[in-house]
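Novice: Just one file: query.txt, with compact mmCIF, C-alpha atoms and all ligand atoms.
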# COMPACT_ATOMS: atom_id res chain seq x y z
CA MET O 22 9.02 -23.83 -24.94
CA SER O 23 10.14 -26.47 -22.43
CA THR O 24 8.00 -29.42 -21.36
CA THR O 25 7.66 -27.86 -17.92
CA GLN O 26 6.46 -24.60 -19.43
CA GLU O 27 3.99 -26.48 -21.60
CA ALA O 28 2.70 -28.45 -18.63
CA SER O 29 2.29 -25.25 -16.70
CA GLN O 30 0.49 -23.59 -19.62
CA ASN O 31 -1.82 -26.58 -19.88
CA LYS O 32 -2.73 -26.23 -16.22
CA THR O 33 -3.65 -22.58 -16.70
CA GLY O 34 -4.86 -23.06 -20.28
CA ASP O 35 -8.54 -22.89 -19.43
CA ILE O 36 -8.39 -19.73 -17.34
CA PHE O 37 -11.97 -18.65 -18.07
CA GLY O 38 -13.06 -22.17 -17.14
CA GLN O 39 -11.75 -21.42 -13.66
CA LEU O 40 -13.51 -18.05 -13.42
CA THR O 41 -16.99 -19.12 -14.44
CA PRO O 42 -17.92 -21.74 -11.77
CA HIS O 43 -17.99 -19.09 -9.02
CA ASP O 44 -18.61 -16.18 -11.37
CA HIS O 45 -15.43 -14.18 -10.71
CA GLU O 46 -15.69 -10.69 -12.16
CA GLN O 47 -12.13 -9.77 -12.97
CA VAL O 48 -8.63 -11.14 -12.69
CA VAL O 49 -5.61 -8.91 -13.20
CA PHE O 50 -2.13 -10.29 -13.89
CA CYS O 51 0.57 -7.81 -12.90
CA GLN O 52 4.11 -8.19 -14.20
CA ASP O 53 7.10 -5.90 -13.79
CA LYS O 54 10.56 -7.10 -14.73
CA SER O 55 12.43 -4.23 -13.08
CA THR O 56 11.15 -4.95 -9.56
CA GLY O 57 10.54 -8.68 -10.10
CA LEU O 58 6.84 -8.28 -9.37
CA LYS O 59 4.55 -11.11 -10.42
CA ALA O 60 1.11 -10.69 -8.88
CA ILE O 61 -2.48 -11.72 -9.47
CA ILE O 62 -5.43 -9.66 -8.22
CA ALA O 63 -8.73 -11.54 -8.24
CA ILE O 64 -11.98 -9.64 -7.83
CA HIS O 65 -14.75 -12.11 -7.13
CA ASN O 66 -17.85 -9.99 -6.63
CA THR O 67 -18.49 -6.26 -6.18
CA VAL O 68 -22.27 -6.23 -5.79
CA LEU O 69 -22.03 -5.08 -2.18
CA GLY O 70 -19.12 -2.68 -2.63
CA PRO O 71 -15.46 -2.53 -3.64
CA GLY O 72 -13.61 -5.83 -3.33
CA LEU O 73 -11.46 -5.80 -0.21
CA GLY O 74 -8.92 -8.46 0.62
CA GLY O 75 -5.31 -8.71 1.71
CA THR O 76 -2.20 -9.31 -0.35
CA ARG O 77 -0.42 -12.57 0.35
CA ILE O 78 3.18 -13.19 -0.67
CA TRP O 79 3.77 -16.90 -1.21
CA ASN O 80 6.33 -19.00 -3.02
CA TYR O 81 3.85 -21.04 -5.09
CA SER O 82 5.31 -24.01 -6.90
CA ASN O 83 3.72 -22.77 -10.12
CA ASP O 84 1.52 -19.96 -11.46
CA ALA O 85 -1.50 -22.25 -11.74
CA ASP O 86 -1.42 -22.85 -7.96
CA ALA O 87 -1.22 -19.10 -7.36
CA LEU O 88 -4.27 -18.53 -9.55
CA THR O 89 -6.23 -21.31 -7.83
CA ASP O 90 -5.38 -19.86 -4.41
CA VAL O 91 -6.29 -16.27 -5.24
CA LEU O 92 -9.61 -17.34 -6.80
CA ARG O 93 -10.52 -19.41 -3.72
CA LEU O 94 -9.45 -16.70 -1.27
CA SER O 95 -11.27 -13.88 -3.09
CA ARG O 96 -14.53 -15.86 -3.09
CA GLY O 97 -14.14 -16.41 0.66
CA MET O 98 -13.79 -12.65 1.12
CA SER O 99 -17.12 -12.06 -0.66
CA TYR O 100 -18.86 -14.39 1.80
CA LYS O 101 -17.05 -12.97 4.83
CA ALA O 102 -18.13 -9.43 3.95
CA ALA O 103 -21.65 -10.43 2.98
CA ILE O 104 -22.47 -12.42 6.10
CA SER O 105 -21.07 -9.68 8.35
CA GLY O 106 -23.40 -7.12 6.80
CA LEU O 107 -20.55 -5.06 5.34
CA ASN O 108 -20.93 -3.07 2.13
CA LEU O 109 -17.88 -4.70 0.65
CA GLY O 110 -17.22 -7.11 -2.15
CA GLY O 111 -14.68 -9.90 -2.19
CA ALA O 112 -11.19 -9.76 -3.65
CA LYS O 113 -7.67 -10.86 -2.85
CA ALA O 114 -4.17 -10.54 -4.27
CA VAL O 115 -1.17 -12.83 -4.33
CA ILE O 116 2.42 -11.85 -5.07
CA ILE O 117 4.41 -14.84 -6.28
CA GLY O 118 7.81 -15.51 -4.70
CA ASP O 119 9.72 -15.98 -1.48
CA ALA O 120 8.94 -12.92 0.66
CA SER O 121 12.36 -13.03 2.33
CA ILE O 122 14.00 -12.65 -1.09
CA ILE O 123 11.66 -10.62 -3.30
CA LYS O 124 10.04 -8.15 -0.91
CA THR O 125 11.40 -4.62 -1.34
CA GLU O 126 10.03 -1.10 -1.10
CA ALA O 127 10.10 -0.86 -4.90
CA LEU O 128 8.17 -4.12 -5.38
CA MET O 129 5.46 -3.11 -2.88
CA ARG O 130 5.16 0.38 -4.41
CA LYS O 131 4.97 -1.05 -7.94
CA PHE O 132 2.22 -3.35 -6.70
CA GLY O 133 0.52 -0.24 -5.25
CA ARG O 134 0.49 1.29 -8.74
CA PHE O 135 -1.33 -1.73 -10.13
CA VAL O 136 -3.88 -1.39 -7.29
CA GLU O 137 -4.24 2.32 -8.13
CA ASN O 138 -4.98 1.42 -11.77
CA LEU O 139 -8.15 -0.33 -10.58
CA HIS O 140 -9.48 3.01 -9.29
CA GLY O 141 -10.85 1.65 -6.00
CA LYS O 142 -12.60 -1.42 -7.35
CA TYR O 143 -10.00 -3.34 -5.32
CA ILE O 144 -8.81 -2.30 -1.84
CA THR O 145 -5.79 -4.09 -0.48
CA ALA O 146 -4.55 -4.85 3.05
CA GLU O 147 -1.95 -7.06 4.74
CA ASP O 148 -2.10 -10.85 4.77
CA VAL O 149 0.39 -13.70 5.09
CA ASN O 150 3.94 -12.31 4.67
CA THR O 151 2.84 -8.67 4.34
CA THR O 152 2.85 -6.13 7.17
CA THR O 153 1.58 -2.67 8.05
CA GLN O 154 5.02 -1.39 6.92
CA ASP O 155 4.42 -2.94 3.47
CA MET O 156 1.01 -1.27 3.35
CA GLU O 157 2.70 2.05 4.07
CA TYR O 158 4.74 1.51 0.88
CA VAL O 159 1.60 0.57 -1.07
CA HIS O 160 -0.04 3.72 0.33
CA MET O 161 2.70 5.85 -1.26
CA GLU O 162 1.21 4.88 -4.66
CA THR O 163 -2.50 4.45 -3.94
CA SER O 164 -5.12 5.45 -1.40
CA HIS O 165 -6.92 2.13 -1.94
CA VAL O 166 -5.25 0.38 0.97
CA VAL O 167 -6.27 -0.35 4.58
CA GLY O 168 -4.55 -1.99 7.53
CA LEU O 169 -2.35 1.05 8.02
CA PRO O 170 -0.72 1.82 11.37
CA GLU O 171 -2.70 3.83 13.93
CA SER O 172 -0.16 6.66 13.56
CA MET O 173 -1.40 7.06 9.95
CA GLY O 174 -5.09 7.04 10.92
CA GLY O 175 -5.45 3.32 10.36
CA GLY O 176 -6.86 0.63 12.62
CA GLY O 177 -3.51 -1.04 13.34
CA ASP O 178 -3.26 -4.75 13.99
CA PRO O 179 -6.73 -6.32 13.49
CA SER O 180 -5.89 -9.45 15.55
CA PRO O 181 -7.41 -8.28 18.87
CA VAL O 182 -10.68 -7.54 17.05
CA THR O 183 -10.58 -10.93 15.31
CA ALA O 184 -10.04 -12.56 18.70
CA TYR O 185 -13.02 -10.71 20.19
CA GLY O 186 -15.25 -11.89 17.33
CA THR O 187 -14.02 -15.46 17.80
CA TYR O 188 -14.87 -15.21 21.51
CA MET O 189 -18.38 -13.98 20.59
CA GLY O 190 -18.90 -16.85 18.13
CA MET O 191 -17.71 -19.32 20.75
CA LYS O 192 -20.24 -17.94 23.25
CA ALA O 193 -23.04 -18.33 20.70
CA ALA O 194 -22.00 -21.96 20.20
CA ALA O 195 -22.00 -22.50 23.98
CA ASN O 196 -25.51 -21.09 24.13
CA LYS O 197 -26.59 -23.54 21.41
CA ALA O 198 -24.89 -26.54 22.99
CA TRP O 199 -25.54 -25.93 26.69
CA GLY O 200 -28.20 -23.20 26.89
CA SER O 201 -25.80 -20.67 28.45
CA ASP O 202 -23.13 -18.32 27.09
CA SER O 203 -20.88 -18.90 30.07
CA LEU O 204 -17.49 -20.45 29.39
CA SER O 205 -16.57 -20.55 33.07
CA GLY O 206 -15.09 -23.93 33.96
CA LYS O 207 -15.25 -25.14 30.34
CA LYS O 208 -12.23 -27.05 29.07
CA ILE O 209 -10.99 -25.33 25.90
CA ALA O 210 -8.18 -26.48 23.59
CA VAL O 211 -6.51 -23.76 21.50
CA GLN O 212 -4.27 -24.73 18.58
CA GLY O 213 -1.99 -21.79 17.71
CA ILE O 214 -1.41 -19.09 20.31
CA GLY O 215 -0.12 -16.35 18.00
CA LYS O 216 -1.65 -12.92 17.51
CA VAL O 217 -5.31 -14.03 17.51
CA GLY O 218 -4.96 -17.15 19.68
CA GLY O 219 -3.07 -15.18 22.33
CA HIS O 220 -5.77 -12.52 22.65
CA LEU O 221 -8.45 -15.20 22.66
CA LEU O 222 -6.70 -16.94 25.57
CA SER O 223 -6.91 -13.70 27.58
CA TYR O 224 -10.70 -13.53 27.16
CA LEU O 225 -11.10 -17.21 28.05
CA HIS O 226 -8.78 -17.04 31.05
CA LYS O 227 -10.60 -13.98 32.38
CA GLU O 228 -13.87 -15.92 32.20
CA GLY O 229 -12.47 -18.88 34.13
CA ALA O 230 -12.05 -21.45 31.36
CA LYS O 231 -9.54 -24.31 31.75
CA LEU O 232 -7.07 -23.94 28.91
CA PHE O 233 -5.14 -26.52 26.87
CA ILE O 234 -2.68 -25.10 24.35
CA THR O 235 -0.41 -26.22 21.54
CA ASP O 236 1.95 -24.34 19.24
CA ILE O 237 5.27 -24.87 17.49
CA ASN O 238 6.65 -21.91 19.44
CA ASN O 239 7.83 -23.30 22.79
CA ASP O 240 8.58 -19.88 24.32
CA MET O 241 4.98 -18.77 23.78
CA LEU O 242 3.70 -22.04 25.25
CA ALA O 243 5.82 -21.58 28.37
CA LYS O 244 4.63 -17.96 28.72
CA TYR O 245 0.90 -18.80 28.55
CA ALA O 246 1.30 -21.89 30.76
CA LYS O 247 2.88 -19.65 33.41
CA ASP O 248 0.57 -16.62 33.02
CA MET O 249 -2.72 -18.48 32.65
CA GLY O 250 -2.13 -21.90 34.13
CA ALA O 251 -2.73 -23.43 30.69
CA THR O 252 -1.82 -27.08 30.10
CA ILE O 253 0.64 -27.63 27.24
CA VAL O 254 -0.36 -30.33 24.76
CA LYS O 255 1.97 -31.88 22.17
CA GLY O 256 1.14 -31.36 18.45
CA ASP O 257 -1.67 -33.49 17.11
CA GLU O 258 -2.64 -34.68 20.61
CA ILE O 259 -4.72 -31.48 20.72
CA PHE O 260 -7.38 -33.24 18.59
CA SER O 261 -7.99 -36.06 21.07
CA GLN O 262 -8.07 -33.95 24.25
CA ASP O 263 -11.03 -34.52 26.51
CA VAL O 264 -12.29 -30.94 26.18
CA ASP O 265 -15.59 -29.11 25.65
CA ILE O 266 -14.37 -26.76 22.92
CA PHE O 267 -11.65 -26.91 20.26
CA ALA O 268 -10.41 -23.59 18.84
CA PRO O 269 -8.21 -23.92 15.73
CA CYS O 270 -6.21 -20.66 15.56
CA ALA O 271 -3.14 -21.73 13.56
CA MET O 272 -3.28 -22.85 9.95
CA GLY O 273 -6.00 -23.86 7.46
CA ALA O 274 -7.36 -27.28 6.46
CA VAL O 275 -6.74 -28.70 9.95
CA LEU O 276 -9.95 -30.70 10.19
CA ASN O 277 -9.92 -33.90 8.17
CA THR O 278 -11.55 -37.33 8.23
CA ALA O 279 -8.86 -38.84 10.47
CA ASN O 280 -8.81 -36.23 13.22
CA ILE O 281 -12.55 -35.47 13.24
CA GLY O 282 -12.93 -39.11 14.30
CA LYS O 283 -10.76 -38.42 17.36
CA LEU O 284 -12.52 -35.24 18.55
CA LYS O 285 -14.25 -35.40 21.93
CA CYS O 286 -15.35 -31.75 22.00
CA GLN O 287 -18.92 -30.55 21.49
CA ILE O 288 -17.94 -27.26 19.87
CA ILE O 289 -15.40 -26.12 17.27
CA ALA O 290 -14.93 -22.36 17.33
CA GLY O 291 -11.62 -20.87 16.22
CA ALA O 292 -10.11 -18.13 14.08
CA ALA O 293 -8.16 -20.06 11.43
CA ASN O 294 -9.20 -19.60 7.80
CA ASN O 295 -10.51 -22.56 5.75
CA GLN O 296 -10.54 -24.98 8.68
CA LEU O 297 -12.31 -27.83 6.88
CA ASP O 298 -10.05 -29.79 4.55
CA ASP O 299 -13.06 -30.38 2.27
CA GLU O 300 -16.19 -28.52 3.36
CA ASN O 301 -18.52 -30.83 1.43
CA VAL O 302 -17.14 -33.88 3.26
CA HIS O 303 -16.19 -32.53 6.67
CA GLY O 304 -19.09 -30.11 7.14
CA PRO O 305 -21.63 -32.97 7.02
CA MET O 306 -19.30 -35.15 9.12
CA LEU O 307 -19.33 -32.62 11.98
CA LEU O 308 -23.12 -32.32 11.74
CA GLU O 309 -23.41 -36.11 11.89
CA LYS O 310 -21.17 -36.21 14.96
CA GLY O 311 -23.33 -33.58 16.69
CA ILE O 312 -20.43 -31.10 16.95
CA VAL O 313 -21.47 -27.44 16.89
CA TYR O 314 -19.16 -25.83 14.32
CA VAL O 315 -19.11 -22.04 13.89
CA PRO O 316 -18.10 -21.41 10.23
CA ASP O 317 -14.60 -19.95 9.89
CA PHE O 318 -15.40 -17.03 7.60
CA LEU O 319 -18.10 -15.88 10.00
CA ILE O 320 -16.33 -16.30 13.33
CA ASN O 321 -13.07 -14.69 12.13
CA SER O 322 -14.68 -11.73 10.35
CA GLY O 323 -13.68 -9.26 13.12
CA GLY O 324 -10.47 -8.44 11.26
CA LEU O 325 -12.39 -7.53 8.11
CA ILE O 326 -14.93 -5.54 10.14
CA ASN O 327 -11.98 -3.61 11.60
CA VAL O 328 -10.44 -2.73 8.22
CA TYR O 329 -13.87 -1.85 6.83
CA GLN O 330 -14.17 0.75 9.59
CA GLU O 331 -10.83 2.09 8.43
CA HIS O 332 -12.23 2.38 4.90
CA ILE O 333 -15.20 4.46 6.07
CA GLY O 334 -13.45 6.38 8.89
CA TYR O 335 -11.84 4.47 11.72
CA ASN O 336 -13.45 4.18 15.12
CA ARG O 337 -12.37 1.31 17.36
CA GLU O 338 -15.55 1.35 19.44
CA THR O 339 -17.73 0.93 16.35
CA ALA O 340 -15.48 -1.86 15.10
CA MET O 341 -15.85 -3.72 18.41
CA ARG O 342 -19.63 -3.18 18.54
CA LYS O 343 -20.09 -4.51 15.00
CA THR O 344 -17.81 -7.42 15.80
CA GLU O 345 -19.95 -8.27 18.83
CA ASN O 346 -22.78 -8.96 16.39
CA ILE O 347 -20.93 -12.12 15.28
CA TYR O 348 -22.68 -13.59 18.34
CA ASN O 349 -26.17 -12.98 16.86
CA ILE O 350 -25.26 -14.07 13.34
CA SER O 351 -23.66 -17.26 14.68
CA LEU O 352 -26.80 -18.06 16.69
CA GLU O 353 -28.90 -17.61 13.56
CA VAL O 354 -26.62 -19.89 11.49
CA LEU O 355 -26.71 -22.56 14.22
CA ARG O 356 -30.50 -22.31 14.48
CA VAL O 357 -31.03 -22.71 10.71
CA SER O 358 -28.52 -25.58 10.64
CA ALA O 359 -30.44 -27.44 13.35
CA ASP O 360 -33.84 -26.71 11.74
CA LYS O 361 -32.83 -27.73 8.22
CA LYS O 362 -30.31 -30.40 9.24
CA LEU O 363 -27.75 -28.72 6.99
CA HIS O 364 -24.11 -28.31 7.99
CA THR O 365 -23.24 -24.84 9.26
CA GLN O 366 -20.68 -23.97 6.55
CA LYS O 367 -23.37 -24.49 3.91
CA VAL O 368 -25.94 -22.48 5.88
CA ALA O 369 -23.48 -19.57 6.26
CA THR O 370 -22.57 -19.68 2.56
CA GLU O 371 -26.24 -19.64 1.58
CA LEU O 372 -26.93 -16.69 3.90
CA ALA O 373 -24.02 -14.77 2.39
CA GLU O 374 -25.15 -15.55 -1.18
CA LYS O 375 -28.71 -14.53 -0.30
CA ARG O 376 -27.57 -11.10 0.91
CA ILE O 377 -25.56 -10.55 -2.29
CA ASN O 378 -28.57 -11.54 -4.43
CA ASP O 379 -30.96 -9.39 -2.37
CA ILE O 380 -28.78 -6.30 -2.73
CA LEU O 381 -28.46 -6.97 -6.45
CA LYS O 382 -32.24 -6.40 -6.61
CA VAL O 383 -31.82 -3.05 -4.83
CA GLN O 384 -29.40 -2.01 -7.56
CA SER O 385 -31.88 -2.76 -10.36
CA THR O 386 -33.12 0.84 -10.38
CA TYR O 387 -31.28 4.15 -10.03
P1 LIG O 401 -0.01 -15.91 13.83
O1 LIG O 401 1.01 -16.27 12.82
O2 LIG O 401 0.24 -14.74 14.73
O3 LIG O 401 -0.33 -17.15 14.79
C1 LIG O 401 -0.39 -18.46 14.32
C2 LIG O 401 0.22 -19.34 15.41
O4 LIG O 401 0.09 -20.69 15.00
C3 LIG O 401 1.71 -19.09 15.63
O5 LIG O 401 2.00 -18.91 17.01
C4 LIG O 401 2.38 -20.34 15.08
O6 LIG O 401 3.58 -20.68 15.76
C5 LIG O 401 1.29 -21.36 15.30
N1 LIG O 401 1.41 -22.56 14.45
C6 LIG O 401 1.83 -22.65 13.17
N2 LIG O 401 1.82 -23.91 12.78
C7 LIG O 401 1.37 -24.65 13.82
C8 LIG O 401 1.14 -26.01 14.03
N3 LIG O 401 1.39 -26.92 13.08
N4 LIG O 401 0.64 -26.43 15.23
C9 LIG O 401 0.40 -25.52 16.21
N5 LIG O 401 0.61 -24.20 16.07
C10 LIG O 401 1.10 -23.77 14.89
O7 LIG O 401 -1.37 -15.72 13.02
P2 LIG O 401 -2.72 -15.04 13.51
O8 LIG O 401 -2.79 -13.67 12.94
O9 LIG O 401 -2.90 -15.26 14.96
O10 LIG O 401 -3.79 -15.90 12.69
C11 LIG O 401 -4.17 -17.19 13.12
C12 LIG O 401 -5.17 -17.78 12.14
O11 LIG O 401 -6.33 -16.93 12.07
C13 LIG O 401 -4.66 -17.88 10.70
O12 LIG O 401 -5.24 -19.02 10.10
C14 LIG O 401 -5.21 -16.62 10.04
O13 LIG O 401 -5.36 -16.79 8.64
C15 LIG O 401 -6.56 -16.51 10.73
N6 LIG O 401 -7.07 -15.14 10.74
C16 LIG O 401 -6.37 -14.14 11.34
C17 LIG O 401 -6.91 -12.85 11.35
C18 LIG O 401 -6.17 -11.72 12.03
O14 LIG O 401 -6.80 -10.67 12.29
N7 LIG O 401 -4.92 -11.88 12.38
C19 LIG O 401 -8.15 -12.59 10.75
C20 LIG O 401 -8.86 -13.64 10.15
C21 LIG O 401 -8.30 -14.92 10.15
Go ahead and render the structure in this file as structure tokens.
Ligand code: NAD
Specialist:
Amino acid sequence: MSTTQEASQNKTGDIFGQLTPHDHEQVVFCQDKSTGLKAIIAIHNTVLGPGLGGTRIWNYSNDADALTDVLRLSRGMSYKAAISGLNLGGAKAVIIGDASIIKTEALMRKFGRFVENLHGKYITAEDVNTTTQDMEYVHMETSHVVGLPESMGGGGDPSPVTAYGTYMGMKAAANKAWGSDSLSGKKIAVQGIGKVGGHLLSYLHKEGAKLFITDINNDMLAKYAKDMGATIVKGDEIFSQDVDIFAPCAMGAVLNTANIGKLKCQIIAGAANNQLDDENVHGPMLLEKGIVYVPDFLINSGGLINVYQEHIGYNRETAMRKTENIYNISLEVLRVSADKKLHTQKVATELAEKRINDILKVQSTY
């Protein structure tokens, strides 16, 4: 065994030590030489229902990083489902490798067989580097998959629903900060104008907000500047804009000690996952600064609500109505945060954990 292999084994040596802190139920390592599949499925908690979470393909620098990521992501799914009132547990899968090289029909179908072997305890969906087409392949081997195209009875792209939920969470924050839901005339900075950010811009433009946008895709920037009169902002300058609301809709871990210091906004409400670089440091920092922050796993739960509807029988209207409720849940989280002087990410996590523990009591008798 090489030194590198040993180092890697050392990192993963205490695997159970990584499962116990957040009480993960089950972790499945899937290996298939013939298709090149190396995947990890992590099921965090199934008290509320089967664990649902997408499959991410990522070229991790080592297996230990892949395990860490899938454990963190699956726990987040438990909270997202719990706080949204869904009867779903939390799980996630990662396939290790460069999607542009390893992704084939055979690999996705082999992965589908591993999902099938879990008999519905885990339900998969698309995530970073997987598409509805990939889920069609998975579906050839298992029925435990959602995020299928509308032509197959699925809910299609969840992004418009995620954007609607983000808009609802933003309105709740406006109510908390200014006593009114209206976003008319508010200056709003949106970082990332992709699938979710783009739909969010449409809602905000329709309501008469003044938009400031940044992205690494210049064509998209030009399009939204023309269509919506949005002002284009360069890269990190988005953090120091003199705006009322900042909506991170690009990548995770965007809020850190350095840029929180520069923020002039009163509200942070965006769709990106895991926005706080370190929630225990940056959650309290936002509270201290008096910024109303709507927790990421709550405000972006519209996508999960949409695929849950697919699981129980898809109906877009129901998905949108349930997503609208993000407004009420956000108000409640913001109220408790103000009352208890606790940062909102912690309040939301505690609410999610409380629902899981409450339902556990329901299950104590037949
Ligand atoms: P997307 O890939 O369509 O859009 C992301 C956008 O961010 C792209 O336009 C990209 O060019 C831009 N971007 C990337 N790096 C950037 C940078 N450094 N600065 C500025 N812009 C940058 O993805 P999406 O589906 O719109 O998702 C956006 C975020 O919301 C992600 O964090 C995702 O995990 C989260 N999310 C999405 C959904 C969903 O339904 N799509 C659900 C829950 C959470």
Novice: Could I get the residue neighbourhood of ligand LIG 401 (chain O) at 6 Å, counting all atoms listed in the file, as a list in words?
Specialist: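 What falls inside 6 Å of ligand LIG 401 (chain O) is Pro179, Ser180, Thr183, Gln212, Gly213, Ile214, Gly215, Lys216, Val217, Gly218, Thr235, Asp236, Ile237, Asn238, Gly256, Cys270, Ala271, Met272, Gly273, Ala292, Ala293, Asn294, Asn321 and Gly324 of chain O.
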Novice: With 12 Å as the threshold, what does the neighbourhood of (-3.7, -20.6, -13.8) contain in terms of residues, counting only C-alpha atoms? Coordinates are those of the file; answer as a PDB file with C-alpha atoms, keeping the file's coordinate frame.
Specialist:
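And here's result_36.pdb as it stands now:
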ATOM      1  CA  ALA O  28       2.700 -28.450 -18.630  1.00  0.00           C
ATOM      2  CA  SER O  29       2.290 -25.250 -16.700  1.00  0.00           C
ATOM      3  CA  GLN O  30       0.490 -23.590 -19.620  1.00  0.00           C
ATOM      4  CA  ASN O  31      -1.820 -26.580 -19.880  1.00  0.00           C
ATOM      5  CA  LYS O  32      -2.730 -26.230 -16.220  1.00  0.00           C
ATOM      6  CA  THR O  33      -3.650 -22.580 -16.700  1.00  0.00           C
ATOM      7  CA  GLY O  34      -4.860 -23.060 -20.280  1.00  0.00           C
ATOM      8  CA  ASP O  35      -8.540 -22.890 -19.430  1.00  0.00           C
ATOM      9  CA  ILE O  36      -8.390 -19.730 -17.340  1.00  0.00           C
ATOM     10  CA  PHE O  37     -11.970 -18.650 -18.070  1.00  0.00           C
ATOM     11  CA  GLY O  38     -13.060 -22.170 -17.140  1.00  0.00           C
ATOM     12  CA  GLN O  39     -11.750 -21.420 -13.660  1.00  0.00           C
ATOM     13  CA  LEU O  40     -13.510 -18.050 -13.420  1.00  0.00           C
ATOM     14  CA  VAL O  48      -8.630 -11.140 -12.690  1.00  0.00           C
ATOM     15  CA  VAL O  49      -5.610  -8.910 -13.200  1.00  0.00           C
ATOM     16  CA  PHE O  50      -2.130 -10.290 -13.890  1.00  0.00           C
ATOM     17  CA  ILE O  61      -2.480 -11.720  -9.470  1.00  0.00           C
ATOM     18  CA  ALA O  63      -8.730 -11.540  -8.240  1.00  0.00           C
ATOM     19  CA  TYR O  81       3.850 -21.040  -5.090  1.00  0.00           C
ATOM     20  CA  SER O  82       5.310 -24.010  -6.900  1.00  0.00           C
ATOM     21  CA  ASN O  83       3.720 -22.770 -10.120  1.00  0.00           C
ATOM     22  CA  ASP O  84       1.520 -19.960 -11.460  1.00  0.00           C
ATOM     23  CA  ALA O  85      -1.500 -22.250 -11.740  1.00  0.00           C
ATOM     24  CA  ASP O  86      -1.420 -22.850  -7.960  1.00  0.00           C
ATOM     25  CA  ALA O  87      -1.220 -19.100  -7.360  1.00  0.00           C
ATOM     26  CA  LEU O  88      -4.270 -18.530  -9.550  1.00  0.00           C
ATOM     27  CA  THR O  89      -6.230 -21.310  -7.830  1.00  0.00           C
ATOM     28  CA  ASP O  90      -5.380 -19.860  -4.410  1.00  0.00           C
ATOM     29  CA  VAL O  91      -6.290 -16.270  -5.240  1.00  0.00           C
ATOM     30  CA  LEU O  92      -9.610 -17.340  -6.800  1.00  0.00           C
TER      31      LEU O  92
END
Novice: Hey, can you pull every residue with an atom no more than 7 Å from (-4.9, -11.3, -5.7), using only C-alpha atoms, and send it as a short mmCIF file (atom, residue, chain, number, x, y, z; two decimals) with C-alpha atoms, keeping the file's coordinate frame?
Specialist:
data_model
loop_
_atom_site.label_atom_id
_atom_site.label_comp_id
_atom_site.auth_asym_id
_atom_site.auth_seq_id
_atom_site.Cartn_x
_atom_site.Cartn_y
_atom_site.Cartn_z
CA ALA O 60 1.11 -10.69 -8.88
CA ILE O 61 -2.48 -11.72 -9.47
CA ILE O 62 -5.43 -9.66 -8.22
CA ALA O 63 -8.73 -11.54 -8.24
CA THR O 76 -2.20 -9.31 -0.35
CA VAL O 91 -6.29 -16.27 -5.24
CA ALA O 112 -11.19 -9.76 -3.65
CA LYS O 113 -7.67 -10.86 -2.85
CA ALA O 114 -4.17 -10.54 -4.27
CA VAL O 115 -1.17 -12.83 -4.33
#
Novice: O:Asp155, O:Glu228, O:Glu345, O:Asp119: which is nearest Gly186 in chain O, counting all atoms listed in the file?
Specialist: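 When distances to Gly186 in chain O are compared using all atoms listed in the file, the smallest one comes from O:Glu345.
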Novice: One number please: CA of Gly70 in chain O to CA of Arg130 in chain O, in Å, one decimal.
Specialist: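 For CA of Gly70 in chain O relative to CA of Arg130 in chain O, the distance reads 24.5 Å.
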Novice: Got a sec: who's within 7 Å of Gly118 in chain O, counting all atoms listed in the file, leaving out chain neighbours fewer than 6 positions off, as a ChimeraX atom specification?
Specialist: /O:78-81
Novice: Deliver the residues from the most recent selection as a file, using C-alpha atoms, as a short mmCIF file (atom, residue, chain, number, x, y, z; two decimals), in the coordinates of the input.
Specialist:
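Output file again.cif follows:
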data_model
loop_
_atom_site.label_atom_id
_atom_site.label_comp_id
_atom_site.auth_asym_id
_atom_site.auth_seq_id
_atom_site.Cartn_x
_atom_site.Cartn_y
_atom_site.Cartn_z
CA ILE O 78 3.18 -13.19 -0.67
CA TRP O 79 3.77 -16.90 -1.21
CA ASN O 80 6.33 -19.00 -3.02
CA TYR O 81 3.85 -21.04 -5.09
#
Novice: At what distance in Å, to one decimal, does CA of Val182 in chain O lie from CA of His65 in chain O?
Specialist: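 Computed distance, CA of His65 in chain O to CA of Val182 in chain O, equals 24.9 Å.
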Novice: Select, from O:Leu381, O:Val211, O:Met129, O:Leu307, the residue with the minimum atom-to-atom distance to Lys283 in chain O, counting only C-alpha atoms.
Specialist: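 Answer, going by the shortest atom-to-atom distance: O:Leu307.
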Novice: Can you tell me how far CA of Ile289 in chain O sits from CA of Asp265 in chain O, in Å to one decimal?
Specialist: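 Going from CA of Ile289 in chain O over to CA of Asp265 in chain O covers 8.9 Å.
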Novice: Let me make sure I understand: among O:Leu276, O:Val159, O:Val357, O:Met191, which one has the smallest atom-to-atom distance to Thr125 in chain O if we use all atoms listed in the file?
Specialist: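 Ranking O:Leu276, O:Val159, O:Val357, O:Met191 by distance to Thr125 in chain O, first place goes to O:Val159.
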Novice: Can you report as lines of an AutoDock Vina configuration file the centre and edge lengths in Å, to one decimal, of an axis-aligned box around the listed atoms of range 57-68 of chain O padded with 8 Å on each side?
Specialist:
center_x = -5.9
center_y = -9.2
center_z = -8.1
size_x = 48.8
size_y = 21.9
size_z = 20.6
Novice: Do you know which residues are at most 10 Å from Val136 in chain O counting only C-alpha atoms, after dropping those on the same chain fewer than 5 positions away, and could you put them as a PyMOL selection string?
Specialist: chain O and resi 49+51+62+114+130-131+141-145+159-160+162-166
Novice: In terms of the shortest atom-to-atom distance over only C-alpha atoms, which of O:Gly282, O:Gly190, O:Gly291, O:Gly168 is closest to Phe267 in chain O?
Specialist: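 Among the listed residues, the smallest separation from Phe267 in chain O belongs to O:Gly291.
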